[in-house]
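Have a look at the structure below, then the notes.
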Amino acid sequence: MPRFGIGQPLTRKEDLRLLTGRGRYVDDLSFPNQARAEFLRSPHAHARIVQIDVEKAKSASGVCAVYVSADIANAGLGGLPVWFMPENAPPGYAPEFPLLAQDVVRYVGESLAMIVAESAEQAARALDLIEVKYESLPTSVGLEEATSDGAPELWPGKAPFNVAFLWQGGDMSAVVTALRQAAHLVEIDVINNRVAIAAIECRAAIGVHDAIKSRSTLYTTSQMPHPLRADLAAIFNESEDQFRVVIGDVGGGFGSKNSMYGEQALVIWAARMLDRPIKWVGERSDAFITDFHGRDNVTHGELALDQDGNFLGMLVDVTANLGAYISGRGAMSPVLNQPALAGTYRTPAIHVRVRGMFTNTVPTDVYRGAGRPEAIYLLERLIDKAADELNIDRVELRRRNMIPADAFPYETPLGLTYDGGLFERNLDEGLRRMDWDGMVSRRAEARARGRRRGIGLANYVERCGHGITQDAQIKVAADGGVTVLIGTMSSGQGHETAYAQISAELLGVQPSQVKVIQGDTDLVAQGKGTGGSWSIPVGGAAMSKAADAIIDKGKEIASHLLEASSADIEFSGGYFTVAGTDHAMDWSSVAASAYDPTLLPEGMTPGLEGTGEFVPSNHTFPNGCHLCEVELDPKTGSLDIVRYLVVHDFGVVLNPLLLEGQVHGGVAQGLGQAVFERTYYDNAGQFHTSSFLDYNIPRADEIPSIEFISNPTPCPANPLGFKGCGEAGAAGAPPAVVNAVVDALKEFGVKHIDMPLTPERIWRTINNAATKQDFP
Amino acid sequence: MEYKAPSSIDEAVMLLAQANGKAHVLAGGTDLLVQIRAGFTKPTLVVDVKNILELRTISVADDGVCIGAAVTGAELGEHDAVKAAWPGLVEATELIGSTQIQGRASLGGNLCNASPAADTVPALVAASAICLIAGPNGQREAPVEQIVTGPGQTSLKNSEFVVQFQLPKKLPRSADAYLRFIPRTEMDIAVVGAGVNLTLDKKGICQQARVALGAVAPTVLLVEAGAKALIGSTLDDAALDKLRAAASAACNPIDDKRGTVEFRVDVAGVLAKRAVLIAKQRAEMN
């Protein structure tokens, strides 16, 4: 194995640049003659726009132009494209999501007007001069409100009762039969709380138009450059080659930068109108109310069990908050990843119904895990509740229903074919390392200090990387240097390191010889961007095919120069060797020869490069067990997460540092949602948690060191054996910590507590103040 | 906006007295600069008092301790004599912000910013601190609890500013303590704060007590009923329960997204009781 190949803890190539302030984010870019844009955001959650008067703003100092919806509608610009609507259902309704609100604003933060000025300050000042007359309309803000009888409708006549779509999956009659046969039926209602995604780099965009070439370039922050280009083409009704999308360093995305936002099209529109580059950089306060939010659903689950605690069937009813419009991928999370409901268990029948709802809130979109964490949360909470009600040990109940190691391939009732995993060993290893059985004395010791301890666990299986094809192009220069062009997009994961390491493994080069080019649609031919934990499994597999083509050609060249049959050339460790001899050419000689026609076999085209595409035959199934121990102060509700351990199966580990970093981040975000992060819209649709004072993303001192145990199994669907690790942490953490807290609160008669587990929420639950709501 | 950094009290008073428009005193600036940057206040003059010796000095004498109003949290945290005499006040100061903030933040600024949630104020009130105030008519003294009159409001007159805090002579078997509740582990604003200062006799009977609560009313509360519950007792469970009830009863908080009325009221009692237990343990060792 090369020193920096697969499995090595190579430190990140990008860190020197990023940690010394030399990253290149959108706000670091400026263009000559650039003007600045700012957007007027709606202060109302639901209101008719009676009149917008922009005259005063237009004549304000430094202002170049003011645009409202009529301006762009006259030019024929469309709304934001919707990439997914569920299909097997009665036709749903995906409303036009205009770049600027037309007659009605439907959430606080919706854009109404764009001002372009010489400076950002002048544009911001001029915002106050736009006079808008609103006529307020009744609001439906929370899910409870939007689904209640007589709720005000956001889309009258189009989406009755605010229902955007109804979707169902699984075999209802099989579940009904299971429910009839059940000795026990356990029910739970859980709220999967809305979160602000809060990437560290706020959204930003610069539009540059080249009037001579008649092409527009968008510099922005995004996880998906090529899909974004397709969105631009759709909005402007032009071909994709009219646009170039360039993404530099991206300061986090987590799903919030998958779909397109109006500002990204409008900076191009204004650049064309004014013939100058237009730059917009969002503020954090904008981000809280305009970035698409994550999660937000209410779910009812029923688990049918027989006399012995065997799972017979599960019925799940999800009400998902889509916000005022359907964002680009907003309908994916509540629908596409419901198969995660099967988890690691052999539940023979599952049915899930999903109701997508419109509310007067900013739209929701995919967020780390995109439906998997929601499904796993419901399942693992439901199992703990069943164990409690049936008076069966929660570990034993899980063990009894676990898919055994010899059951693969295993068909789940929601249509997945699991290809492997050692689920019970994940569990056993976790229990042992956490000293699960020693909890008795730890509980007593905590109680003696006036505190309460609890422990919880959650098993998960994700499905990753299916339905995505990705190609990779690898070019080898005459000096042996390698350039990887690939359509995934790092938003902090460390792709430059990961792909360099894969190159080192495949081609025997040093990571320092590898350049990775991503995020420029003019340079990279095709791409799906990054999401769904697919970049390394799918991108890596595509690279391996590209490398095969290069090695094959290298063998031809070496065989010609070494005067041996190409079938006898072996490639290993950067050397092309005639099998069984010491005749060899090294990588750089072969690369140099590839560009010298006099050294090539007759008819061979000079150059050394390969393109590979990978079409996965199945999903990958990363899986594992998360365990969490907590201690809380019953008098104040303060919670300490004292231990956190992950037993994981990610298949082959490319780089343990990158992998653990991904899982640390995922766990932190999962614990963030479960413990710290509270979004709050009041009844009028005002968002109150719009700063980091009120919206607590977890800090380093609030998350314990995360312990890691690897329990890998092969991944037959992936040629390099990678399963994908980007989202797993966020999926396992919420049920693990909530199960631990419910365990700690057992003596108070608590059966369930909704996230986030703020001190006040815990205090209220202990004090049985069920009738009192959190304020505001 | 004009920025001045005088080196004497008189010069500072003169600058403030002669200011046209809104003038602000900057002791550490950790609140003021944020407010200016956010556009909440637009002063025409900022007078930085960090260069005035009297405001930067800590002096320890037989009759008590004087702490300059612009002394930083970090300086206070490294002052062994003050830490030994007033551990509760020092803890309250060190709870403010991060390490960087500690290098700037001051007792004077924390008081005069007049936030109901200021951490040092309950500790200063419990300690019976007296403020020395400079102004155009010379210097005057006032108990610290008389300075803040409401959120963002003080009783300081135009051109007046706090020069120093005088803490009384420390009696034997006395100690203070401060606890605050925040929803996270550090760097947050108090949802409840509780400061306590106790004096015990040789038998462990409480002779004097001051109990002050923060973030549960428009201004910091001096809870006399709480002190009454403690004085004359051995700080037994009955007395502590009475104190807890008195502390909760004194609260008049707002309902907001950081904490509801019921929660703040209950936790104020819990924290007051815990602070008494800490102060008791310290007093017994003095």
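Ligands are numbered from 1 in the order shown, chains are lettered A, B, ... in the order of the structure tokens, and residues start at 1 in each chain.
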| query | Near Ala249 in chain B, counting only C-alpha atoms, which residues have an atom at most 8 Å away, once you skip same-chain residues fewer than 3 positions from it, shown as a PyMOL selection string? | reply | chain B and resi 245-246+265
Just the selected residues (all heavy atoms), exported as a PDB file, in the first residue's frame, please.
```
ATOM      1  N   ALA B 245     -38.106  30.197  49.186  1.00  0.00           N
ATOM      2  CA  ALA B 245     -39.454  30.710  48.941  1.00  0.00           C
ATOM      3  C   ALA B 245     -39.434  32.240  48.847  1.00  0.00           C
ATOM      4  O   ALA B 245     -40.095  32.835  47.984  1.00  0.00           O
ATOM      5  CB  ALA B 245     -40.392  30.250  50.034  1.00  0.00           C
ATOM      6  N   ALA B 246     -38.639  32.879  49.728  1.00  0.00           N
ATOM      7  CA  ALA B 246     -38.579  34.342  49.718  1.00  0.00           C
ATOM      8  C   ALA B 246     -37.963  34.848  48.421  1.00  0.00           C
ATOM      9  O   ALA B 246     -38.417  35.851  47.844  1.00  0.00           O
ATOM     10  CB  ALA B 246     -37.768  34.834  50.910  1.00  0.00           C
ATOM     11  N   VAL B 265     -38.622  32.159  38.184  1.00  0.00           N
ATOM     12  CA  VAL B 265     -39.000  32.288  39.591  1.00  0.00           C
ATOM     13  C   VAL B 265     -38.526  31.071  40.383  1.00  0.00           C
ATOM     14  O   VAL B 265     -37.929  31.200  41.456  1.00  0.00           O
ATOM     15  CB  VAL B 265     -40.537  32.464  39.702  1.00  0.00           C
ATOM     16  CG1 VAL B 265     -41.008  32.245  41.136  1.00  0.00           C
ATOM     17  CG2 VAL B 265     -40.950  33.852  39.204  1.00  0.00           C
TER      18      VAL B 265
END
```
| task | Looking only at alpha helix (DSSP H) from DSSP on the backbone, list the matching residues of range 471-701 of chain A as a PyMOL selection string. | result | chain A and resi 495-507+540-562+587-594+656-671
When the cut-off is 7 Å and we count only C-alpha atoms, which residues of chain B are near chain A, given as an mmCIF file with all heavy atoms, in the first residue's frame?
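New file part.cif:
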```cif
data_model
loop_
_atom_site.group_PDB
_atom_site.id
_atom_site.type_symbol
_atom_site.label_atom_id
_atom_site.label_comp_id
_atom_site.auth_asym_id
_atom_site.auth_seq_id
_atom_site.Cartn_x
_atom_site.Cartn_y
_atom_site.Cartn_z
ATOM 1 N N PRO B 183 -28.666 28.833 29.802
ATOM 2 C CA PRO B 183 -29.019 27.573 29.145
ATOM 3 C C PRO B 183 -27.826 26.834 28.564
ATOM 4 O O PRO B 183 -27.957 25.694 28.145
ATOM 5 C CB PRO B 183 -29.996 27.989 28.048
ATOM 6 C CG PRO B 183 -29.953 29.471 27.953
ATOM 7 C CD PRO B 183 -29.237 30.002 29.148
ATOM 8 N N THR B 185 -23.196 26.333 28.653
ATOM 9 C CA THR B 185 -22.184 26.185 29.692
ATOM 10 C C THR B 185 -21.392 27.459 29.980
ATOM 11 O O THR B 185 -20.916 27.645 31.082
ATOM 12 C CB THR B 185 -21.188 25.074 29.313
ATOM 13 O OG1 THR B 185 -20.770 25.298 27.978
ATOM 14 C CG2 THR B 185 -21.809 23.711 29.437
ATOM 15 N N ASP B 255 -41.480 37.253 30.794
ATOM 16 C CA ASP B 255 -41.553 36.035 30.008
ATOM 17 C C ASP B 255 -40.804 36.343 28.724
ATOM 18 O O ASP B 255 -41.189 37.250 28.006
ATOM 19 C CB ASP B 255 -43.022 35.840 29.583
ATOM 20 C CG ASP B 255 -43.663 34.620 30.196
ATOM 21 O OD1 ASP B 255 -42.939 33.753 30.704
ATOM 22 O OD2 ASP B 255 -44.893 34.557 30.134
ATOM 23 N N ASP B 256 -39.748 35.666 28.443
ATOM 24 C CA ASP B 256 -39.196 35.857 27.104
ATOM 25 C C ASP B 256 -38.600 34.559 26.616
ATOM 26 O O ASP B 256 -38.668 33.535 27.301
ATOM 27 C CB ASP B 256 -38.232 37.039 27.020
ATOM 28 C CG ASP B 256 -36.889 36.746 27.661
ATOM 29 O OD1 ASP B 256 -36.668 35.604 28.122
ATOM 30 O OD2 ASP B 256 -36.053 37.654 27.699
ATOM 31 N N LYS B 257 -38.024 34.636 25.418
ATOM 32 C CA LYS B 257 -37.565 33.395 24.807
ATOM 33 C C LYS B 257 -36.410 32.771 25.576
ATOM 34 O O LYS B 257 -36.104 31.619 25.394
ATOM 35 C CB LYS B 257 -37.189 33.648 23.354
ATOM 36 C CG LYS B 257 -36.169 34.732 23.168
ATOM 37 C CD LYS B 257 -36.212 35.288 21.759
ATOM 38 C CE LYS B 257 -35.430 36.586 21.670
ATOM 39 N NZ LYS B 257 -35.684 37.312 20.452
ATOM 40 N N THR B 260 -39.177 31.510 30.872
ATOM 41 C CA THR B 260 -40.519 31.958 31.247
ATOM 42 C C THR B 260 -40.513 32.462 32.679
ATOM 43 O O THR B 260 -39.563 32.234 33.440
ATOM 44 C CB THR B 260 -41.530 30.811 31.161
ATOM 45 O OG1 THR B 260 -41.093 29.775 32.033
ATOM 46 C CG2 THR B 260 -41.659 30.277 29.747
ATOM 47 N N PHE B 263 -40.299 29.537 35.216
ATOM 48 C CA PHE B 263 -38.977 28.928 35.275
ATOM 49 C C PHE B 263 -38.004 29.826 36.035
ATOM 50 O O PHE B 263 -37.289 29.389 36.945
ATOM 51 C CB PHE B 263 -38.491 28.668 33.850
ATOM 52 C CG PHE B 263 -37.141 28.007 33.761
ATOM 53 C CD1 PHE B 263 -36.951 26.718 34.228
ATOM 54 C CD2 PHE B 263 -36.072 28.676 33.187
ATOM 55 C CE1 PHE B 263 -35.705 26.105 34.134
ATOM 56 C CE2 PHE B 263 -34.824 28.079 33.093
ATOM 57 C CZ PHE B 263 -34.642 26.789 33.567
ATOM 58 N N VAL B 267 -36.158 28.820 39.511
ATOM 59 C CA VAL B 267 -34.701 28.655 39.498
ATOM 60 C C VAL B 267 -34.017 29.717 40.364
ATOM 61 O O VAL B 267 -32.975 29.459 40.967
ATOM 62 C CB VAL B 267 -34.182 28.648 38.038
ATOM 63 C CG1 VAL B 267 -32.669 28.686 38.001
ATOM 64 C CG2 VAL B 267 -34.686 27.395 37.320
ATOM 65 N N VAL B 270 -33.856 28.208 43.701
ATOM 66 C CA VAL B 270 -32.858 27.125 43.703
ATOM 67 C C VAL B 270 -31.443 27.707 43.795
ATOM 68 O O VAL B 270 -30.613 27.262 44.592
ATOM 69 C CB VAL B 270 -33.001 26.263 42.430
ATOM 70 C CG1 VAL B 270 -31.845 25.267 42.306
ATOM 71 C CG2 VAL B 270 -34.345 25.526 42.411
#
```
| query | With distances taken over only C-alpha atoms, which of A:Val642, A:Leu397, A:Val440, A:Val246 is nearest to Arg24 in chain A? | reply | A:Val246
| query | Near Thr319 in chain A, within 6 Å and counting only C-alpha atoms, which residues show up once chain neighbours fewer than 4 positions away are dropped, as a list in words? | reply | Asn297, Val298, Val354 and Arg355 of chain A
| Close residues, Thr149 in chain B itself excluded, 10 Å, only C-alpha atoms, min 4 positions apart in chain, as a list in words | Ala114, Pro116, Glu145, Gln153, Thr154, Ser155, Leu156, Pro218, Thr219 and Val220 of chain B
Write to file, as a PDB file, in the first residue's frame, the residues of the selection just made, with N, CA and C atoms.
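Result file is result-v9.pdb:
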```
ATOM      1  N   ALA B 114     -26.485  48.809  32.642  1.00  0.00           N
ATOM      2  CA  ALA B 114     -27.833  48.709  33.232  1.00  0.00           C
ATOM      3  C   ALA B 114     -28.669  47.589  32.646  1.00  0.00           C
ATOM      4  N   PRO B 116     -30.577  44.195  33.228  1.00  0.00           N
ATOM      5  CA  PRO B 116     -31.096  43.472  34.402  1.00  0.00           C
ATOM      6  C   PRO B 116     -30.325  42.179  34.654  1.00  0.00           C
ATOM      7  N   GLU B 145     -26.878  49.578  44.733  1.00  0.00           N
ATOM      8  CA  GLU B 145     -28.245  49.234  44.328  1.00  0.00           C
ATOM      9  C   GLU B 145     -29.052  50.458  43.912  1.00  0.00           C
ATOM     10  N   GLN B 153     -31.251  52.179  32.140  1.00  0.00           N
ATOM     11  CA  GLN B 153     -31.418  53.472  32.824  1.00  0.00           C
ATOM     12  C   GLN B 153     -30.608  53.484  34.123  1.00  0.00           C
ATOM     13  N   THR B 154     -29.942  54.638  34.375  1.00  0.00           N
ATOM     14  CA  THR B 154     -29.242  54.774  35.660  1.00  0.00           C
ATOM     15  C   THR B 154     -29.612  56.096  36.312  1.00  0.00           C
ATOM     16  N   SER B 155     -29.282  56.193  37.599  1.00  0.00           N
ATOM     17  CA  SER B 155     -29.552  57.445  38.316  1.00  0.00           C
ATOM     18  C   SER B 155     -28.392  58.428  38.163  1.00  0.00           C
ATOM     19  N   LEU B 156     -27.381  58.057  37.387  1.00  0.00           N
ATOM     20  CA  LEU B 156     -26.249  58.977  37.191  1.00  0.00           C
ATOM     21  C   LEU B 156     -26.748  60.196  36.431  1.00  0.00           C
ATOM     22  N   PRO B 218     -36.797  44.174  36.580  1.00  0.00           N
ATOM     23  CA  PRO B 218     -36.172  45.215  35.741  1.00  0.00           C
ATOM     24  C   PRO B 218     -34.811  45.660  36.267  1.00  0.00           C
ATOM     25  N   THR B 219     -34.625  45.584  37.583  1.00  0.00           N
ATOM     26  CA  THR B 219     -33.307  45.877  38.158  1.00  0.00           C
ATOM     27  C   THR B 219     -32.943  44.732  39.090  1.00  0.00           C
ATOM     28  N   VAL B 220     -31.673  44.719  39.495  1.00  0.00           N
ATOM     29  CA  VAL B 220     -31.244  43.693  40.445  1.00  0.00           C
ATOM     30  C   VAL B 220     -32.010  43.879  41.752  1.00  0.00           C
TER      31      VAL B 220
END
```
| note | Restricting to only C-alpha atoms, whichever of B:Arg56, B:Pro136, B:Ala190, B:Ile67 is closest to Val82 in chain B is B:Ile67
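Here the question is which of A:Ile468, A:Ala458, A:Leu645, A:Leu382 gets nearest to Val190 in chain A using only C-alpha atoms, and that residue is A:Leu382.
Nearest residue to Leu95 in chain B, choosing from B:Ala126, B:Ile189, B:Leu32, B:Ala142 and counting only C-alpha atoms: B:Ile189.
For Lys280 in chain B, the list of residues within 9 Å, based on only C-alpha atoms and with local chain neighbours fewer than 3 positions off taken out, reads Arg173, Ser174, Ala175, Asp176, Ala177, Asn197, Leu198, Thr199, Leu200, Gly204, Cys206, Leu235, Ala275, Val276, Leu277, Ala283, Glu284 and Met285 of chain B.
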For N, CA and C atoms, I'd like the residues from the last selection saved as a short mmCIF file (atom, residue, chain, number, x, y, z; two decimals), in the first residue's frame.
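The file below, selection_8.cif, is the result:
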```cif
data_model
loop_
_atom_site.label_atom_id
_atom_site.label_comp_id
_atom_site.auth_asym_id
_atom_site.auth_seq_id
_atom_site.Cartn_x
_atom_site.Cartn_y
_atom_site.Cartn_z
N ARG B 173 -15.41 35.11 59.61
CA ARG B 173 -16.48 34.15 59.28
C ARG B 173 -17.53 34.75 58.34
N SER B 174 -17.02 35.52 57.36
CA SER B 174 -17.89 36.08 56.34
C SER B 174 -17.46 35.54 54.98
N ALA B 175 -18.39 35.45 54.06
CA ALA B 175 -18.02 35.09 52.68
C ALA B 175 -19.17 35.39 51.74
N ASP B 176 -18.81 35.56 50.48
CA ASP B 176 -19.85 35.77 49.48
C ASP B 176 -19.80 34.66 48.44
N ALA B 177 -20.84 34.61 47.63
CA ALA B 177 -20.91 33.62 46.55
C ALA B 177 -21.85 34.15 45.47
N ASN B 197 -24.10 37.21 50.49
CA ASN B 197 -22.97 37.52 51.37
C ASN B 197 -23.42 37.25 52.81
N LEU B 198 -22.64 36.45 53.52
CA LEU B 198 -23.04 36.01 54.86
C LEU B 198 -21.97 36.31 55.89
N THR B 199 -22.41 36.51 57.15
CA THR B 199 -21.49 36.53 58.29
C THR B 199 -22.06 35.58 59.35
N LEU B 200 -21.22 34.66 59.78
CA LEU B 200 -21.64 33.71 60.80
C LEU B 200 -20.97 34.06 62.13
N GLY B 204 -21.78 29.29 64.32
CA GLY B 204 -22.33 29.00 63.00
C GLY B 204 -23.71 29.61 62.79
N CYS B 206 -26.10 32.55 61.68
CA CYS B 206 -25.96 33.62 60.70
C CYS B 206 -26.28 34.97 61.36
N LEU B 235 -28.55 28.13 59.22
CA LEU B 235 -28.66 27.84 57.78
C LEU B 235 -29.07 26.38 57.59
N ALA B 275 -26.34 29.22 46.45
CA ALA B 275 -25.32 30.24 46.70
C ALA B 275 -25.09 30.38 48.21
N VAL B 276 -26.15 30.29 49.00
CA VAL B 276 -26.00 30.36 50.46
C VAL B 276 -25.13 29.21 50.96
N LEU B 277 -25.36 28.03 50.40
CA LEU B 277 -24.57 26.88 50.86
C LEU B 277 -23.09 27.06 50.54
N ALA B 283 -17.52 30.72 54.56
CA ALA B 283 -17.48 31.50 55.82
C ALA B 283 -16.96 30.64 56.96
N GLU B 284 -17.32 29.39 56.95
CA GLU B 284 -16.87 28.49 58.02
C GLU B 284 -15.35 28.31 58.00
N MET B 285 -14.77 28.50 56.86
CA MET B 285 -13.31 28.31 56.75
C MET B 285 -12.55 29.61 57.01
#
```
| field | Polymer residues at most 8 Å from Leu271 in chain B, only C-alpha atoms, same-chain spacing of 4 or more positions, as JSON, numbers by chain | value | {"B": [179, 180, 181, 192, 193, 194, 267, 275]}
| message | Need to verify the contact set: Arg125 in chain A, 10 Å, only C-alpha atoms, exclusion of same-chain residues closer than 5 positions in sequence. Can you return it as a list in words? | response | Glu38, Ala57, Ala60, Ser61, Gly62, Val63, Ile115, Ala117, Ser119, Ala120 and Ile130 of chain A
Resulting file, chosen residues, C-alpha atoms, as a JSON list (two decimals), in the first residue's frame:
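The result, written out as again_15.json:
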```json
[["chain", "number", "residue", "atom", "x", "y", "z"],
["A", 38, "GLU", "CA", -29.39, 44.37, -1.16],
["A", 57, "ALA", "CA", -35.26, 54.68, -3.24],
["A", 60, "ALA", "CA", -31.29, 57.96, -3.20],
["A", 61, "SER", "CA", -27.57, 58.58, -3.17],
["A", 62, "GLY", "CA", -25.55, 55.92, -4.96],
["A", 63, "VAL", "CA", -28.53, 53.88, -6.11],
["A", 115, "ILE", "CA", -31.67, 47.50, -4.83],
["A", 117, "ALA", "CA", -26.12, 50.74, -5.48],
["A", 119, "SER", "CA", -21.90, 50.47, -2.12],
["A", 120, "ALA", "CA", -23.60, 47.96, 0.13],
["A", 130, "ILE", "CA", -39.04, 51.75, -0.46]]
```
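One finds CA of Glu677 in chain A at 27.9 Å from CA of Thr344 in chain A.
Between CA of Ser239 in chain A and CA of Ser214 in chain A the separation is 11.8 Å.
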| task | Figure out the distance between CA of Val60 in chain B and CA of Phe161 in chain B, please, to one decimal in Å. | result | 22.1 Å
| task | Report as a PyMOL selection string: the residues of range 26-197 of chain B with a DSSP assignment of strand (DSSP E), based on the backbone of this structure. | result | chain B and resi 26+45-48+58-61+64-68+130-135+138-143+148-150+153-154+161-168+174-181+192-197
